[in-house]
Amino acid sequence: MKKRKIMKILIILFIILCVYSNFFEVKEQIKKDNNINTNKINDSKNKKWNLLLVNNENPLPENYKVNTIELSNGEKVDARIYPELQKMFDDMRSNGIYPVVTSGYRTHQMQTKIMNDKINEYKRNGYSDVASKEMALKWVALPGTSEHELGLALDINNDGISSSASDVYNWLLNNSYKYGFIKRYPDDKVDITGINNEPWHYRYVGINEAKEMYENNLCLEEYLNK
Ligand SMILES: [Zn+2]
């Protein structure tokens with residue numbers, strides 16, 4: 001009789017264990033499915049040319065082609081963003097603020113040169129090779145991972161005569177979204193973007209998208225993961 005009782009208890013315990021482990025398996029599966037769904041949303045948004053994510057983890061697609069248009073100072077941008085960029089600059093000037101595009105589209109070779117120059121600058125100041133590279137990466141994107149290579153990002157500064165840098169940066173901070181541009185590397189998103197605050201670096205994402213990001217304080221990475 002005693003033996004049968006023990007057997008019964010063991011069987012019940014075994015059943016409980018089976019149900020319990022199965023429960024966790026199901027939970028894990030739901031978690032996995034959710035992740036897959038998030039990635040799907042990510043991909044469909046990210047496929048739009050204006051939302052293409054390029055950062056240190058997402059390099060430029062292979063053989064990425066840009067149809068550029070040349071600005072009056074020789075800098076180039078993706079031709080698709082030109083009308084809105086022109087309108088933004090016209091409106092800034094009519095507000096008495098005079099911006100200049102100091103860097104637009106860059107080829108892979110240009111980005112490599114900028115990176116090497118930055119590393120050498122630190123080395124000249126006495127930093128080791130490793131430290132110089134590390135510090136340069138905080139300011140310059142690794143060639144192949146710079147938005148400038150997309151033609152959708154530009155550095156906007158003051159003309160050095162009529163406007164100060166803060167005039168230009170403040171105006172852009174409050175108005176650029178109306179033209180489809182976002183401040184790409186804000187101070188409060190350094191943990192996500194991996195790039196220090198750059199008040200001059202603006203990225204075209206489209207008017208509706210920029211408005212949503214501006215109003216909800218989202219950087220591009222956050223917007224694409226939403
Ligand atoms: Zn830039």
# chains A, B, ... in the order shown; residues from 1 in each chain; ligands from 1
$ closest_atom_pairs --of "chain A" --to "ligand 1" --cutoff "10 Å" --atoms "only C-alpha atoms and all ligand atoms" --output "tab-separated table"
residue	atom	partner	partner_atom_place_in_ligand_line	distance
A:Thr102	CA	ligand 1	1 (Zn)	8.9
A:Ser103	CA	ligand 1	1 (Zn)	6.8
A:Gly104	CA	ligand 1	1 (Zn)	7.7
A:Tyr105	CA	ligand 1	1 (Zn)	9.5
A:Arg106	CA	ligand 1	1 (Zn)	9.9
A:Trp139	CA	ligand 1	1 (Zn)	8.9
A:Val140	CA	ligand 1	1 (Zn)	8.1
A:Ala141	CA	ligand 1	1 (Zn)	8.8
A:Ser146	CA	ligand 1	1 (Zn)	8.2
A:Glu147	CA	ligand 1	1 (Zn)	7.5
A:His148	CA	ligand 1	1 (Zn)	6.4
A:Ala153	CA	ligand 1	1 (Zn)	6.5
A:Leu154	CA	ligand 1	1 (Zn)	5.5
A:Asp155	CA	ligand 1	1 (Zn)	4.7
A:Ile156	CA	ligand 1	1 (Zn)	8.3
A:Arg184	CA	ligand 1	1 (Zn)	8.8
A:Tyr185	CA	ligand 1	1 (Zn)	9.3
A:Glu198	CA	ligand 1	1 (Zn)	7.6
A:Pro199	CA	ligand 1	1 (Zn)	9.3
A:Trp200	CA	ligand 1	1 (Zn)	6.9
A:His201	CA	ligand 1	1 (Zn)	4.4
A:Tyr202	CA	ligand 1	1 (Zn)	7.1
A:Arg203	CA	ligand 1	1 (Zn)	8.6
$ write_last_selection --atoms "C-alpha atoms" --output "CSV table (one decimal), in the first residue's frame"
chain,number,residue,atom,x,y,z
A,102,THR,CA,29.5,72.8,-44.9
A,103,SER,CA,29.3,69.1,-45.7
A,104,GLY,CA,26.7,67.2,-47.8
A,105,TYR,CA,27.2,64.0,-49.8
A,106,ARG,CA,30.5,62.2,-49.2
A,139,TRP,CA,32.8,62.3,-33.9
A,140,VAL,CA,33.3,60.6,-37.2
A,141,ALA,CA,31.4,57.6,-38.5
A,146,SER,CA,28.1,57.5,-42.4
A,147,GLU,CA,24.8,59.1,-43.3
A,148,HIS,CA,26.8,61.5,-45.4
A,153,ALA,CA,22.5,64.1,-44.3
A,154,LEU,CA,24.2,67.5,-44.2
A,155,ASP,CA,26.1,69.6,-41.8
A,156,ILE,CA,24.6,73.1,-41.6
A,184,ARG,CA,20.1,63.3,-35.9
A,185,TYR,CA,22.5,63.2,-32.9
A,198,GLU,CA,26.1,67.4,-33.2
A,199,PRO,CA,24.0,70.6,-33.5
A,200,TRP,CA,24.9,70.9,-37.1
A,201,HIS,CA,24.1,67.4,-38.5
A,202,TYR,CA,20.7,67.1,-40.0
A,203,ARG,CA,19.1,64.2,-41.7
$ select_by_dssp --residues "segment 102-172 of chain A" --states "strand (DSSP E or B)" --output "number ranges by chain"
A: 102-103, 153-158
$ residues_around --residues "Leu85 of chain A" --least-positions-apart "3" --cutoff "9 Å" --atoms "only C-alpha atoms" --output "ChimeraX atom specification"
/A:81-82,88-90,179-181,204
$ write_last_selection --atoms "N, CA and C atoms" --output "mmCIF file, in the first residue's frame"
data_model
loop_
_atom_site.group_PDB
_atom_site.id
_atom_site.type_symbol
_atom_site.label_atom_id
_atom_site.label_comp_id
_atom_site.auth_asym_id
_atom_site.auth_seq_id
_atom_site.Cartn_x
_atom_site.Cartn_y
_atom_site.Cartn_z
ATOM 1 N N ILE A 81 15.951 65.422 -51.962
ATOM 2 C CA ILE A 81 15.732 66.272 -50.785
ATOM 3 C C ILE A 81 15.942 67.747 -51.117
ATOM 4 N N TYR A 82 16.379 68.015 -52.348
ATOM 5 C CA TYR A 82 16.743 69.391 -52.704
ATOM 6 C C TYR A 82 15.593 70.402 -52.573
ATOM 7 N N MET A 88 13.683 75.400 -46.996
ATOM 8 C CA MET A 88 14.112 75.651 -45.612
ATOM 9 C C MET A 88 15.126 76.804 -45.576
ATOM 10 N N PHE A 89 16.081 76.770 -46.496
ATOM 11 C CA PHE A 89 17.103 77.827 -46.524
ATOM 12 C C PHE A 89 16.488 79.183 -46.892
ATOM 13 N N ASP A 90 15.552 79.186 -47.831
ATOM 14 C CA ASP A 90 14.870 80.437 -48.210
ATOM 15 C C ASP A 90 14.168 81.039 -46.995
ATOM 16 N N TYR A 179 10.273 70.861 -42.638
ATOM 17 C CA TYR A 179 10.783 70.620 -43.994
ATOM 18 C C TYR A 179 11.263 69.177 -44.157
ATOM 19 N N GLY A 180 11.059 68.367 -43.115
ATOM 20 C CA GLY A 180 11.417 66.953 -43.216
ATOM 21 C C GLY A 180 12.792 66.589 -42.683
ATOM 22 N N PHE A 181 13.440 67.539 -41.980
ATOM 23 C CA PHE A 181 14.782 67.262 -41.458
ATOM 24 C C PHE A 181 14.746 67.113 -39.930
ATOM 25 N N TYR A 204 17.540 64.115 -43.563
ATOM 26 C CA TYR A 204 16.200 64.141 -44.155
ATOM 27 C C TYR A 204 15.492 62.810 -43.896
#
$ residues_around --residues "Tyr122 of chain A" --least-positions-apart "6" --cutoff "12 Å" --atoms "only C-alpha atoms" --output "VMD selection string"
chain A and resid 115 to 116 128 to 137 139
$ select_by_dssp --residues "segment 138-185 of chain A" --states "alpha helix (DSSP H)" --output "JSON, numbers by chain"
{"A": [165, 166, 167, 168, 169, 170, 171, 172, 173, 174, 175]}
$ write_last_selection --atoms "N, CA, C and O atoms" --output "compact mmCIF listing (two decimals), in the first residue's frame"
# COMPACT_ATOMS: atom_id res chain seq x y z
N ALA A 165 26.73 80.76 -34.99
CA ALA A 165 26.41 79.33 -35.03
C ALA A 165 25.13 79.05 -34.24
O ALA A 165 24.27 78.31 -34.70
N SER A 166 24.99 79.69 -33.08
CA SER A 166 23.80 79.39 -32.26
C SER A 166 22.52 79.89 -32.93
O SER A 166 21.47 79.29 -32.75
N ASP A 167 22.61 81.00 -33.71
CA ASP A 167 21.42 81.46 -34.48
C ASP A 167 20.94 80.33 -35.39
O ASP A 167 19.75 80.00 -35.43
N VAL A 168 21.89 79.75 -36.11
CA VAL A 168 21.55 78.70 -37.08
C VAL A 168 21.06 77.44 -36.36
O VAL A 168 20.01 76.89 -36.71
N TYR A 169 21.80 77.01 -35.33
CA TYR A 169 21.43 75.76 -34.64
C TYR A 169 20.06 75.87 -33.96
O TYR A 169 19.27 74.93 -34.00
N ASN A 170 19.80 77.02 -33.35
CA ASN A 170 18.51 77.18 -32.67
C ASN A 170 17.35 77.18 -33.64
O ASN A 170 16.30 76.58 -33.39
N TRP A 171 17.54 77.89 -34.74
CA TRP A 171 16.47 77.93 -35.74
C TRP A 171 16.18 76.51 -36.26
O TRP A 171 15.03 76.09 -36.34
N LEU A 172 17.25 75.79 -36.57
CA LEU A 172 17.09 74.43 -37.10
C LEU A 172 16.40 73.53 -36.08
O LEU A 172 15.49 72.77 -36.43
N LEU A 173 16.82 73.63 -34.83
CA LEU A 173 16.27 72.80 -33.76
C LEU A 173 14.75 72.94 -33.68
O LEU A 173 14.03 71.98 -33.47
N ASN A 174 14.27 74.17 -33.87
CA ASN A 174 12.83 74.43 -33.70
C ASN A 174 12.02 74.35 -34.99
O ASN A 174 10.79 74.30 -34.92
N ASN A 175 12.67 74.39 -36.13
CA ASN A 175 11.91 74.48 -37.39
C ASN A 175 12.20 73.42 -38.45
O ASN A 175 11.38 73.24 -39.35
$ closest_residue --among "A:Lys189, A:Asn158, A:Ser176, A:Tyr223" --to "Gln86 of chain A" --atoms "only C-alpha atoms"
A:Ser176
$ residues_around --residues "Leu142 of chain A" --least-positions-apart "6" --cutoff "8 Å" --atoms "only C-alpha atoms" --output "ChimeraX atom specification"
/A:56,111-112,115
$ write_last_selection --atoms "N, CA and C atoms" --output "compact mmCIF listing (two decimals), in the first residue's frame"
# COMPACT_ATOMS: atom_id res chain seq x y z
N ASN A 56 26.54 52.68 -36.94
CA ASN A 56 27.69 51.77 -36.80
C ASN A 56 27.31 50.29 -36.89
N GLN A 111 34.96 60.04 -46.83
CA GLN A 111 34.69 59.68 -45.44
C GLN A 111 35.95 59.06 -44.81
N THR A 112 36.66 58.25 -45.59
CA THR A 112 37.90 57.62 -45.10
C THR A 112 38.93 58.69 -44.77
N MET A 115 38.02 60.51 -41.55
CA MET A 115 38.33 59.66 -40.39
C MET A 115 39.82 59.67 -40.10
$ closest_atom_pairs --of "segment 139-158 of chain A" --to "segment 59-80 of chain A" --cutoff "7 Å" --atoms "only C-alpha atoms" --output "tab-separated table"
residue	atom	partner	partner_atom	distance
A:Gly144	CA	A:Pro59	CA	5.6
A:Thr145	CA	A:Pro59	CA	4.5
A:Leu150	CA	A:Val66	CA	7.0
A:Gly151	CA	A:Asp78	CA	4.7
A:Leu152	CA	A:Asp78	CA	5.9
$ write_last_selection --atoms "N, CA, C and O atoms" --output "PDB file, in the first residue's frame"
ATOM      1  N   GLY A 144      31.599  53.798 -44.637  1.00  0.00           N
ATOM      2  CA  GLY A 144      30.620  52.743 -44.927  1.00  0.00           C
ATOM      3  C   GLY A 144      29.436  52.790 -43.983  1.00  0.00           C
ATOM      4  O   GLY A 144      28.438  52.120 -44.200  1.00  0.00           O
ATOM      5  N   THR A 145      29.557  53.592 -42.916  1.00  0.00           N
ATOM      6  CA  THR A 145      28.453  53.692 -41.953  1.00  0.00           C
ATOM      7  C   THR A 145      28.061  55.147 -41.707  1.00  0.00           C
ATOM      8  O   THR A 145      27.409  55.455 -40.712  1.00  0.00           O
ATOM      9  N   LEU A 150      25.031  58.539 -47.692  1.00  0.00           N
ATOM     10  CA  LEU A 150      23.672  58.339 -48.224  1.00  0.00           C
ATOM     11  C   LEU A 150      23.234  59.515 -49.095  1.00  0.00           C
ATOM     12  O   LEU A 150      22.375  59.375 -49.947  1.00  0.00           O
ATOM     13  N   GLY A 151      23.789  60.695 -48.779  1.00  0.00           N
ATOM     14  CA  GLY A 151      23.361  61.912 -49.481  1.00  0.00           C
ATOM     15  C   GLY A 151      22.129  62.532 -48.848  1.00  0.00           C
ATOM     16  O   GLY A 151      21.581  63.502 -49.354  1.00  0.00           O
ATOM     17  N   LEU A 152      21.681  61.947 -47.715  1.00  0.00           N
ATOM     18  CA  LEU A 152      20.463  62.442 -47.053  1.00  0.00           C
ATOM     19  C   LEU A 152      20.779  63.253 -45.802  1.00  0.00           C
ATOM     20  O   LEU A 152      19.878  63.750 -45.134  1.00  0.00           O
TER      21      LEU A 152
END
$ atom_distance --atom1 "atom CA of Ile192 of chain A" --atom2 "atom CA of His108 of chain A"
24.1 Å
